[in-house]
Amino acid sequence: MSLATALILLPLLGAALLAALPRVAPLLNIAISAACLVLALLLLAGPLPYGEGWLRADALSVSLVVLAGIVGLGTAIFSWQDIQGEGFDTARTRFYHAAFQGFMATHFLALLSDNLGIMWVAIEAGTLACVLMVGLHRTPAAIEAAWKFFILCGFGIALALFGIIVLALAAAPHLPHGDLRLSAAALREIAPAAEPGLLNLAFVFLLVGFGTKAGLVPLHSWLPDAHAEGPTPIAAVLSGLLLNSAMLGILRGEAIVAANPGSWAPGGFLIGMGVASLLLAGVTLWRRRDAKRLFGWSSIEHMGIAAIAFGLGGPLGNMAGILHLWGHSLLKSAAFFAIGRAARLKGGQRMDQIGGLARSHPALGWGLVLVMVGLAGLPPASLFASEWMLAVALGREAPWLLLPYVAGLLVAALALLHAMQRLCLGPPTPDAAPGPAGWATLAPIWCNLALAVILAIALPAPLRALLRDAAQVLG
Amino acid sequence: MTGPGDIAYDVAHLLGGAMLLVGFVMLGQRRIGALIAALAAQGVLLALAAFWQGHVQAAPQLYLTGLIALLAKGIAIPLVLHRLAGELPPPLRTEAPGRMGAGLVLGVGLVGLAMLVVVPATTGAGALARVDLSMALSILLLGALMMVTRRSALAHVAGLLTIENGLILAAVGVAGMPLVVELSAGGLVLVVALIAGVFARQMRERFASLDPGVLDRHRGEGR
């Protein structure tokens with residue numbers, strides 16, 4: 001069995017085990033996630049690109065797989081403490097852990113699949129797992145969030161499938177072997193000879209479909225609710241992982257369509273949606289009263305920035321986009337760990353309930369300060385590096401875009417810093433459930449922070465090579 | 001199967017057109033019970049379309065797709081939805097009047113849009129694939145319209161299923177499309193409907209209503 005297959009099967013088996021053994025589930029969950037991270041790193045050590053049947057790993061997918069391993073392990077560690085506080089009964093504990101590993105399996109499959117049909121199935125299955133986890137609290141607000149998530153993403157994912165079917169139609173005259181018609185690699189090779197009209201049509205549907213999933217404006221409205229109402233670990237994987245796989249779906253489509261000289265340049269659409277996301281999120285961030293919704297909107301902002309970077313393309317733009325996805329996943333999951341724990345300590349996730357964290361819980365509070373400074377695009381975390389790279393690339397290729405880009409960044413950064421000040425600095429609000437922050441929360445926060453800083457200032461050579469290769473995959 | 005006058009083309013066109021027509025019936029239907037009956041009819045038509053394409057393309061796997069469509073979309077899912085609707089209090093079994101006419105007009109506009117988008121884009125493809133694709137896109141857009149204009153959760157589920165019907169129609173119309181997508185899409189529809197059913201049930205228990213509008217006041221930051 002190959003590494004890639006093992007990486008998909010392991011969490012799947014893990015899900016069954018976790019459902020069977022609810023007593024040891026939290027620890028077993030950590031062990032399985034750690035094993036997945038090891039497998040992901042081994043995959044990285046092997047030769048790339050690597051292909052086998054429907055699975056294919058190139059630098060882009062492997063870099064996202066490693067990222068998923070890191071975020072998955074951090075989330076599993078955080079869950080160990082957090083889920084105890086949820087007060088779930090045995091059945092829901094079983095269900096939560098099994099759905100979590102089930103989601104990880106579908107995520108790895110979505111990233112590693114070369115067959116667009118299988119990738120679609122994996123993203124859809126991952127969405128269904130998330131819908132169920134978002135609705136787990138059974139409160140009216142949780143049910144509404146899950147319902148909206150389900151309906152909007154169901155609609156989006158259907159449009160994406162239509163795009164994939166049109167791609168297969170475009171490939172039909174050039175690929176006699178049926179199965180290859182959905183292979184992203186094969187489609188990219190024959191794209192120059194394919195009918196440009198069909199490719200354009202396919203891309204529009206792929207963009208709108210997967211764009212819904214990636215939370216790009218105007219299809220974003222499920223995202224803040226789903227992040228706010230589900231258990232905190234789910235918000236971390238939604239922002240840290242699910243959005244990335246949706247973005248990869250768009251990028252695969254873009255690479256295919258861009259290979260045809262007669263098609264529309266697909267980058268412009270991505271840039272348009274990206275700028276709209278950045279500007280709308282920047283303005284909306286100011287009006288948030290719920291801390292988890294605040295970070296949900298911040299995800300829309302950062303996916304918008306990544307969309308601009310990938311839309312611009314070129315070595316610098318693509319590199320900025322991939323680095324941005326990495327930095328965002330690391331910092332946003334850390335932000336959710338911190339705010340989830342703070343909400344538990346303070347007895348609510350409204351922003352007026354949480355204050356003065358840096359004084360009442362210094363390790364947690366200062367961690368959140370640094371994470372939010374990083375999310376605002378300030379040094380030393382890597383989002384600063386990727387946003388700067390993108391600004392340079394925009395300055396060279398499309399200077400007129402710098403104005404909305406910088407304006408959006410500034411408005412969003414100020415809103416986040418303002419929120420940071422309210423949440424972390426100032427006089428502390430009373431604790432509803434006094435207690436320490438706990439290592440299971442602090443360890444993943446500070447590890448993710450450290451990684452994000454390393455990514456910015458001292459990128460190890462192998463990782464640098466991986467990210468550069470990943471940018472080259474996109475062309 | 002080149003164009004009009006050819007039996008393969010004509011039957012495929014007829015079945016696709018009938019599905020589109022049923023889509024309009026659903027759009028104009030106020031009673032939930034009749035809506036579900038129309039949905040079942042569309043499922044059966046989809047199954048027939050898949051069988052026909054299996055015959056024309058000599059692709060036996062499409063018979064399987066047709067069988068899945070027949071059993072799941074023609075029979076099982078409508079039965080479940082019917083049962084859910086039966087548990088509703090009678091006033092909620094009918095949609096409020098007034099919005100149907102506008103919905104139908106919009107639907108006609110969407111069909112025109114689908115034709116305008118697909119036909120020029122597919123000059124290289126065969127006539128059958130082109131017409132199939134534009135009809136599938138029309139059905140898909142009608143389903144989307146139904147999800148936007150209706151308020152009842154059951155109508156949302158019906159809209160999503162209409163979208164899936166359009167997708168499968170597109171997939172079976174593309175000669176040589178690998179089976180994997182159709183099978184998994186068919187399987188997923190079951191899961192999707194199952195979840196929707198669970199949600200509908202939960203909402204009914206909590207609010208004695210299948211109207212998601214009731215949930216609006218539970219939106220997080222409105223408090």
# chains A, B, ... in the order shown; residues from 1 in each chain; ligands from 1

call {"tool": "residues_around", "arguments": {"residues": "Asp352 in chain A", "least_positions_apart": "3", "cutoff": "10 Å", "atoms": "only C-alpha atoms", "output": "JSON, numbers by chain"}}
result
{"A": [289, 290, 291, 348, 349, 355, 422, 423, 429]}

call {"tool": "closest_atom_pairs", "arguments": {"of": "chain A", "to": "chain B", "cutoff": "7 Å", "atoms": "only C-alpha atoms", "output": "Markdown table"}}
result
| residue | atom | partner | partner_atom | distance |
| --- | --- | --- | --- | --- |
| A:Gly117 | CA | B:Val181 | CA | 5.4 |
| A:Val121 | CA | B:Ser184 | CA | 6.8 |
| A:Pro140 | CA | B:His218 | CA | 6.2 |
| A:Ala141 | CA | B:His218 | CA | 5.1 |
| A:Glu144 | CA | B:Leu215 | CA | 6.2 |
| A:Phe155 | CA | B:Leu160 | CA | 6.8 |
| A:Ala158 | CA | B:Glu164 | CA | 6.9 |
| A:Phe162 | CA | B:Leu167 | CA | 6.1 |
| A:Ile165 | CA | B:Ala171 | CA | 6.1 |
| A:Ala168 | CA | B:Met177 | CA | 6.7 |
| A:Leu169 | CA | B:Val174 | CA | 5.9 |
| A:Gly178 | CA | B:Gly176 | CA | 5.3 |
| A:Asp179 | CA | B:Pro178 | CA | 5.4 |
| A:Glu195 | CA | B:Gly124 | CA | 6.4 |
| A:Gly197 | CA | B:Ala121 | CA | 4.1 |
| A:Leu198 | CA | B:Ala121 | CA | 5.5 |
| A:Leu201 | CA | B:Ala121 | CA | 6.9 |
| A:Arg289 | CA | B:Glu221 | CA | 6.9 |
| A:Asp290 | CA | B:Glu221 | CA | 7.0 |

call {"tool": "residues_around", "arguments": {"residues": "range 32-49 of chain B", "least_positions_apart": "2", "cutoff": "8 Å", "atoms": "only C-alpha atoms", "output": "number ranges by chain"}}
result
B: 12, 15-16, 18-19, 22-23, 25-26, 29-30, 51-53, 65-70, 73-75, 78, 81-82, 85, 93-95, 154-155, 158, 162, 165, 168-169

call {"tool": "write_last_selection", "arguments": {"atoms": "N, CA and C atoms", "output": "mmCIF file, in the first residue's frame"}}
result
data_model
loop_
_atom_site.group_PDB
_atom_site.id
_atom_site.type_symbol
_atom_site.label_atom_id
_atom_site.label_comp_id
_atom_site.auth_asym_id
_atom_site.auth_seq_id
_atom_site.Cartn_x
_atom_site.Cartn_y
_atom_site.Cartn_z
ATOM 1 N N ALA B 12 -34.039 11.655 -26.796
ATOM 2 C CA ALA B 12 -33.274 12.312 -25.730
ATOM 3 C C ALA B 12 -33.791 13.729 -25.509
ATOM 4 N N LEU B 15 -37.218 13.607 -23.713
ATOM 5 C CA LEU B 15 -37.139 13.315 -22.279
ATOM 6 C C LEU B 15 -36.569 14.509 -21.519
ATOM 7 N N GLY B 16 -35.519 15.119 -22.074
ATOM 8 C CA GLY B 16 -34.941 16.299 -21.423
ATOM 9 C C GLY B 16 -35.961 17.424 -21.352
ATOM 10 N N ALA B 18 -39.175 17.131 -21.328
ATOM 11 C CA ALA B 18 -40.223 16.787 -20.359
ATOM 12 C C ALA B 18 -39.739 17.085 -18.948
ATOM 13 N N MET B 19 -38.465 16.804 -18.686
ATOM 14 C CA MET B 19 -37.931 17.107 -17.352
ATOM 15 C C MET B 19 -37.983 18.608 -17.080
ATOM 16 N N VAL B 22 -41.520 19.602 -16.302
ATOM 17 C CA VAL B 22 -41.871 19.251 -14.920
ATOM 18 C C VAL B 22 -41.228 20.253 -13.960
ATOM 19 N N GLY B 23 -40.027 20.729 -14.318
ATOM 20 C CA GLY B 23 -39.380 21.752 -13.503
ATOM 21 C C GLY B 23 -40.262 22.982 -13.389
ATOM 22 N N VAL B 25 -43.528 22.977 -13.768
ATOM 23 C CA VAL B 25 -44.693 22.586 -12.967
ATOM 24 C C VAL B 25 -44.379 22.776 -11.487
ATOM 25 N N MET B 26 -43.173 22.358 -11.094
ATOM 26 C CA MET B 26 -42.800 22.486 -9.686
ATOM 27 C C MET B 26 -42.715 23.948 -9.271
ATOM 28 N N GLN B 29 -46.094 25.395 -8.482
ATOM 29 C CA GLN B 29 -46.957 24.586 -7.627
ATOM 30 C C GLN B 29 -46.946 25.090 -6.191
ATOM 31 N N ARG B 30 -48.132 25.392 -5.682
ATOM 32 C CA ARG B 30 -48.188 25.917 -4.324
ATOM 33 C C ARG B 30 -48.283 24.823 -3.280
ATOM 34 N N PHE B 51 -31.683 5.495 -19.150
ATOM 35 C CA PHE B 51 -31.840 4.219 -19.869
ATOM 36 C C PHE B 51 -31.650 4.449 -21.364
ATOM 37 N N TRP B 52 -32.265 5.504 -21.866
ATOM 38 C CA TRP B 52 -32.187 5.774 -23.308
ATOM 39 C C TRP B 52 -30.739 6.045 -23.724
ATOM 40 N N GLN B 53 -30.053 6.846 -22.947
ATOM 41 C CA GLN B 53 -28.655 7.126 -23.285
ATOM 42 C C GLN B 53 -27.816 5.852 -23.196
ATOM 43 N N THR B 65 -27.104 3.679 -13.594
ATOM 44 C CA THR B 65 -27.406 5.056 -13.187
ATOM 45 C C THR B 65 -28.913 5.287 -13.225
ATOM 46 N N GLY B 66 -29.540 4.788 -14.307
ATOM 47 C CA GLY B 66 -30.986 4.959 -14.443
ATOM 48 C C GLY B 66 -31.733 4.257 -13.320
ATOM 49 N N LEU B 67 -31.243 3.067 -12.976
ATOM 50 C CA LEU B 67 -31.894 2.296 -11.916
ATOM 51 C C LEU B 67 -31.803 3.048 -10.587
ATOM 52 N N ILE B 68 -30.612 3.617 -10.322
ATOM 53 C CA ILE B 68 -30.441 4.378 -9.078
ATOM 54 C C ILE B 68 -31.403 5.563 -9.072
ATOM 55 N N ALA B 69 -31.483 6.260 -10.215
ATOM 56 C CA ALA B 69 -32.368 7.426 -10.292
ATOM 57 C C ALA B 69 -33.811 7.003 -10.051
ATOM 58 N N LEU B 70 -34.206 5.869 -10.661
ATOM 59 C CA LEU B 70 -35.587 5.412 -10.537
ATOM 60 C C LEU B 70 -35.918 5.079 -9.089
ATOM 61 N N LYS B 73 -34.746 8.582 -6.709
ATOM 62 C CA LYS B 73 -35.419 9.858 -6.953
ATOM 63 C C LYS B 73 -36.858 9.678 -7.381
ATOM 64 N N GLY B 74 -37.163 8.533 -8.004
ATOM 65 C CA GLY B 74 -38.532 8.312 -8.455
ATOM 66 C C GLY B 74 -39.405 7.767 -7.338
ATOM 67 N N ILE B 75 -38.803 7.000 -6.426
ATOM 68 C CA ILE B 75 -39.633 6.302 -5.436
ATOM 69 C C ILE B 75 -39.255 6.665 -3.996
ATOM 70 N N PRO B 78 -39.146 10.673 -2.770
ATOM 71 C CA PRO B 78 -40.482 11.277 -2.698
ATOM 72 C C PRO B 78 -41.340 10.689 -1.590
ATOM 73 N N LEU B 81 -40.226 12.288 1.629
ATOM 74 C CA LEU B 81 -40.662 13.691 1.680
ATOM 75 C C LEU B 81 -42.168 13.777 1.905
ATOM 76 N N HIS B 82 -42.888 12.864 1.268
ATOM 77 C CA HIS B 82 -44.330 12.845 1.395
ATOM 78 C C HIS B 82 -44.728 12.625 2.850
ATOM 79 N N ALA B 85 -44.059 15.712 4.815
ATOM 80 C CA ALA B 85 -45.074 16.736 4.539
ATOM 81 C C ALA B 85 -46.384 16.384 5.232
ATOM 82 N N ARG B 93 -49.038 23.279 4.536
ATOM 83 C CA ARG B 93 -48.828 22.432 3.354
ATOM 84 C C ARG B 93 -48.986 23.212 2.071
ATOM 85 N N THR B 94 -49.328 24.485 2.179
ATOM 86 C CA THR B 94 -49.506 25.307 0.983
ATOM 87 C C THR B 94 -48.645 26.554 1.100
ATOM 88 N N GLU B 95 -47.986 26.876 0.006
ATOM 89 C CA GLU B 95 -47.160 28.089 -0.014
ATOM 90 C C GLU B 95 -48.057 29.315 -0.154
ATOM 91 N N LEU B 154 -38.968 21.946 2.971
ATOM 92 C CA LEU B 154 -39.182 20.824 2.057
ATOM 93 C C LEU B 154 -39.011 21.282 0.611
ATOM 94 N N ALA B 155 -39.458 22.510 0.312
ATOM 95 C CA ALA B 155 -39.286 23.016 -1.048
ATOM 96 C C ALA B 155 -37.804 23.240 -1.343
ATOM 97 N N ALA B 158 -36.538 19.951 -2.285
ATOM 98 C CA ALA B 158 -36.987 19.631 -3.643
ATOM 99 C C ALA B 158 -36.148 20.403 -4.669
ATOM 100 N N THR B 162 -33.849 18.881 -7.626
ATOM 101 C CA THR B 162 -33.993 19.272 -9.033
ATOM 102 C C THR B 162 -32.625 19.602 -9.625
ATOM 103 N N ASN B 165 -30.927 16.486 -10.344
ATOM 104 C CA ASN B 165 -31.486 15.857 -11.540
ATOM 105 C C ASN B 165 -30.861 16.463 -12.796
ATOM 106 N N ILE B 168 -27.311 15.082 -13.253
ATOM 107 C CA ILE B 168 -27.213 13.711 -13.754
ATOM 108 C C ILE B 168 -27.599 13.687 -15.235
ATOM 109 N N LEU B 169 -28.593 14.510 -15.604
ATOM 110 C CA LEU B 169 -28.978 14.571 -17.020
ATOM 111 C C LEU B 169 -27.778 15.022 -17.863
#

call {"tool": "residues_around", "arguments": {"residues": "Ala110 in chain A", "least_positions_apart": "6", "cutoff": "12 Å", "atoms": "only C-alpha atoms", "output": "PyMOL selection string"}}
result
chain A and resi 4+7-8+54-57+61-62+64-65+68+103-104+116-127+241-249+252

call {"tool": "write_last_selection", "arguments": {"atoms": "N, CA and C atoms", "output": "mmCIF file, in the first residue's frame"}}
result
data_model
loop_
_atom_site.group_PDB
_atom_site.id
_atom_site.type_symbol
_atom_site.label_atom_id
_atom_site.label_comp_id
_atom_site.auth_asym_id
_atom_site.auth_seq_id
_atom_site.Cartn_x
_atom_site.Cartn_y
_atom_site.Cartn_z
ATOM 1 N N ALA A 4 0.273 7.483 0.066
ATOM 2 C CA ALA A 4 -0.910 8.324 -0.153
ATOM 3 C C ALA A 4 -2.175 7.557 0.231
ATOM 4 N N LEU A 7 -2.458 7.308 3.918
ATOM 5 C CA LEU A 7 -2.842 8.586 4.527
ATOM 6 C C LEU A 7 -4.358 8.783 4.481
ATOM 7 N N ILE A 8 -5.000 8.215 3.473
ATOM 8 C CA ILE A 8 -6.455 8.351 3.377
ATOM 9 C C ILE A 8 -7.160 7.288 4.226
ATOM 10 N N TRP A 54 -5.854 6.803 -9.279
ATOM 11 C CA TRP A 54 -6.592 8.054 -9.170
ATOM 12 C C TRP A 54 -5.894 9.083 -8.291
ATOM 13 N N LEU A 55 -4.825 8.626 -7.628
ATOM 14 C CA LEU A 55 -4.141 9.542 -6.720
ATOM 15 C C LEU A 55 -2.915 10.126 -7.404
ATOM 16 N N ARG A 56 -2.677 11.380 -7.110
ATOM 17 C CA ARG A 56 -1.494 11.999 -7.674
ATOM 18 C C ARG A 56 -1.062 13.097 -6.715
ATOM 19 N N ALA A 57 0.223 13.057 -6.343
ATOM 20 C CA ALA A 57 0.722 14.065 -5.409
ATOM 21 C C ALA A 57 1.751 14.916 -6.122
ATOM 22 N N SER A 61 -0.135 19.858 -3.884
ATOM 23 C CA SER A 61 -1.033 19.089 -3.017
ATOM 24 C C SER A 61 -0.295 18.607 -1.774
ATOM 25 N N VAL A 62 0.997 18.205 -1.933
ATOM 26 C CA VAL A 62 1.705 17.710 -0.756
ATOM 27 C C VAL A 62 1.921 18.827 0.263
ATOM 28 N N LEU A 64 -0.073 21.229 0.866
ATOM 29 C CA LEU A 64 -1.338 21.399 1.597
ATOM 30 C C LEU A 64 -1.625 20.193 2.498
ATOM 31 N N VAL A 65 -1.132 19.002 2.088
ATOM 32 C CA VAL A 65 -1.329 17.814 2.921
ATOM 33 C C VAL A 65 -0.546 17.957 4.226
ATOM 34 N N ALA A 68 -2.284 20.303 6.387
ATOM 35 C CA ALA A 68 -3.464 19.670 6.980
ATOM 36 C C ALA A 68 -3.056 18.781 8.150
ATOM 37 N N PHE A 103 -13.749 13.497 8.425
ATOM 38 C CA PHE A 103 -13.485 14.713 7.666
ATOM 39 C C PHE A 103 -12.019 14.767 7.226
ATOM 40 N N MET A 104 -11.103 14.393 8.125
ATOM 41 C CA MET A 104 -9.683 14.424 7.755
ATOM 42 C C MET A 104 -9.422 13.501 6.557
ATOM 43 N N LEU A 116 -10.922 14.511 -10.968
ATOM 44 C CA LEU A 116 -11.737 15.623 -10.472
ATOM 45 C C LEU A 116 -13.057 15.138 -9.890
ATOM 46 N N GLY A 117 -13.585 14.039 -10.439
ATOM 47 C CA GLY A 117 -14.836 13.487 -9.912
ATOM 48 C C GLY A 117 -14.659 13.028 -8.477
ATOM 49 N N ILE A 118 -13.549 12.337 -8.226
ATOM 50 C CA ILE A 118 -13.306 11.847 -6.868
ATOM 51 C C ILE A 118 -13.036 13.015 -5.933
ATOM 52 N N MET A 119 -12.317 13.994 -6.447
ATOM 53 C CA MET A 119 -12.055 15.176 -5.633
ATOM 54 C C MET A 119 -13.381 15.830 -5.229
ATOM 55 N N TRP A 120 -14.299 15.880 -6.191
ATOM 56 C CA TRP A 120 -15.602 16.486 -5.908
ATOM 57 C C TRP A 120 -16.338 15.693 -4.829
ATOM 58 N N VAL A 121 -16.325 14.368 -4.983
ATOM 59 C CA VAL A 121 -17.008 13.526 -4.002
ATOM 60 C C VAL A 121 -16.399 13.739 -2.615
ATOM 61 N N ALA A 122 -15.064 13.845 -2.580
ATOM 62 C CA ALA A 122 -14.392 14.005 -1.289
ATOM 63 C C ALA A 122 -14.771 15.339 -0.648
ATOM 64 N N ILE A 123 -14.809 16.403 -1.453
ATOM 65 C CA ILE A 123 -15.157 17.709 -0.876
ATOM 66 C C ILE A 123 -16.601 17.702 -0.386
ATOM 67 N N GLU A 124 -17.467 17.073 -1.172
ATOM 68 C CA GLU A 124 -18.876 16.981 -0.772
ATOM 69 C C GLU A 124 -19.019 16.186 0.535
ATOM 70 N N ALA A 125 -18.306 15.043 0.612
ATOM 71 C CA ALA A 125 -18.411 14.225 1.820
ATOM 72 C C ALA A 125 -17.853 14.982 3.020
ATOM 73 N N GLY A 126 -16.776 15.715 2.805
ATOM 74 C CA GLY A 126 -16.206 16.519 3.883
ATOM 75 C C GLY A 126 -17.188 17.578 4.349
ATOM 76 N N THR A 127 -17.907 18.166 3.393
ATOM 77 C CA THR A 127 -18.910 19.170 3.754
ATOM 78 C C THR A 127 -20.005 18.561 4.607
ATOM 79 N N LEU A 241 -8.673 24.128 6.937
ATOM 80 C CA LEU A 241 -8.526 23.047 5.965
ATOM 81 C C LEU A 241 -9.556 23.084 4.831
ATOM 82 N N LEU A 242 -10.844 23.139 5.199
ATOM 83 C CA LEU A 242 -11.878 23.014 4.164
ATOM 84 C C LEU A 242 -11.741 24.108 3.108
ATOM 85 N N LEU A 243 -11.457 25.327 3.533
ATOM 86 C CA LEU A 243 -11.328 26.428 2.580
ATOM 87 C C LEU A 243 -10.164 26.165 1.621
ATOM 88 N N ASN A 244 -9.085 25.534 2.142
ATOM 89 C CA ASN A 244 -7.936 25.252 1.276
ATOM 90 C C ASN A 244 -8.279 24.251 0.186
ATOM 91 N N SER A 245 -9.058 23.206 0.558
ATOM 92 C CA SER A 245 -9.356 22.203 -0.472
ATOM 93 C C SER A 245 -10.255 22.816 -1.542
ATOM 94 N N ALA A 246 -11.160 23.707 -1.124
ATOM 95 C CA ALA A 246 -12.003 24.371 -2.123
ATOM 96 C C ALA A 246 -11.140 25.249 -3.024
ATOM 97 N N MET A 247 -10.186 25.942 -2.433
ATOM 98 C CA MET A 247 -9.304 26.790 -3.236
ATOM 99 C C MET A 247 -8.501 25.936 -4.207
ATOM 100 N N LEU A 248 -8.053 24.744 -3.751
ATOM 101 C CA LEU A 248 -7.309 23.867 -4.649
ATOM 102 C C LEU A 248 -8.182 23.458 -5.832
ATOM 103 N N GLY A 249 -9.475 23.221 -5.581
ATOM 104 C CA GLY A 249 -10.382 22.889 -6.671
ATOM 105 C C GLY A 249 -10.407 23.999 -7.713
ATOM 106 N N ARG A 252 -7.035 24.006 -9.636
ATOM 107 C CA ARG A 252 -6.922 22.935 -10.643
ATOM 108 C C ARG A 252 -7.682 23.353 -11.914
#

call {"tool": "residues_around", "arguments": {"residues": "Leu414 in chain A", "least_positions_apart": "2", "cutoff": "12 Å", "atoms": "only C-alpha atoms", "output": "list of chain:residue names"}}
result
A:Gly282, A:Val283, A:Thr284, A:Leu285, A:Trp286, A:Met372, A:Val373, A:Leu375, A:Ala376, A:Gly377, A:Leu378, A:Ala407, A:Gly408, A:Leu409, A:Leu410, A:Val411, A:Ala412, A:Leu416, A:Leu417, A:His418, A:Ala419, A:Met420, A:Gln421

call {"tool": "atom_distance", "arguments": {"atom1": "CA of Ala59 in chain A", "atom2": "CA of Leu466 in chain A"}}
result
6.0 Å

call {"tool": "select_by_dssp", "arguments": {"residues": "range 232-463 of chain A", "states": "alpha helix (DSSP H)", "output": "ChimeraX atom specification"}}
result
/A:232-237,243-258,267-284,291-312,314-346,357-360,362-375,382-397,402-424,439-457,461-463

call {"tool": "residues_around", "arguments": {"residues": "range 188-191 of chain A", "least_positions_apart": "6", "cutoff": "12 Å", "atoms": "only C-alpha atoms", "output": "VMD selection string"}}
result
chain A and resid 114 116 167 to 176 180 to 182 197 to 200 251 to 263 473 to 475

call {"tool": "atom_distance", "arguments": {"atom1": "CA of Arg138 in chain A", "atom2": "CA of Tyr96 in chain A"}}
result
13.2 Å
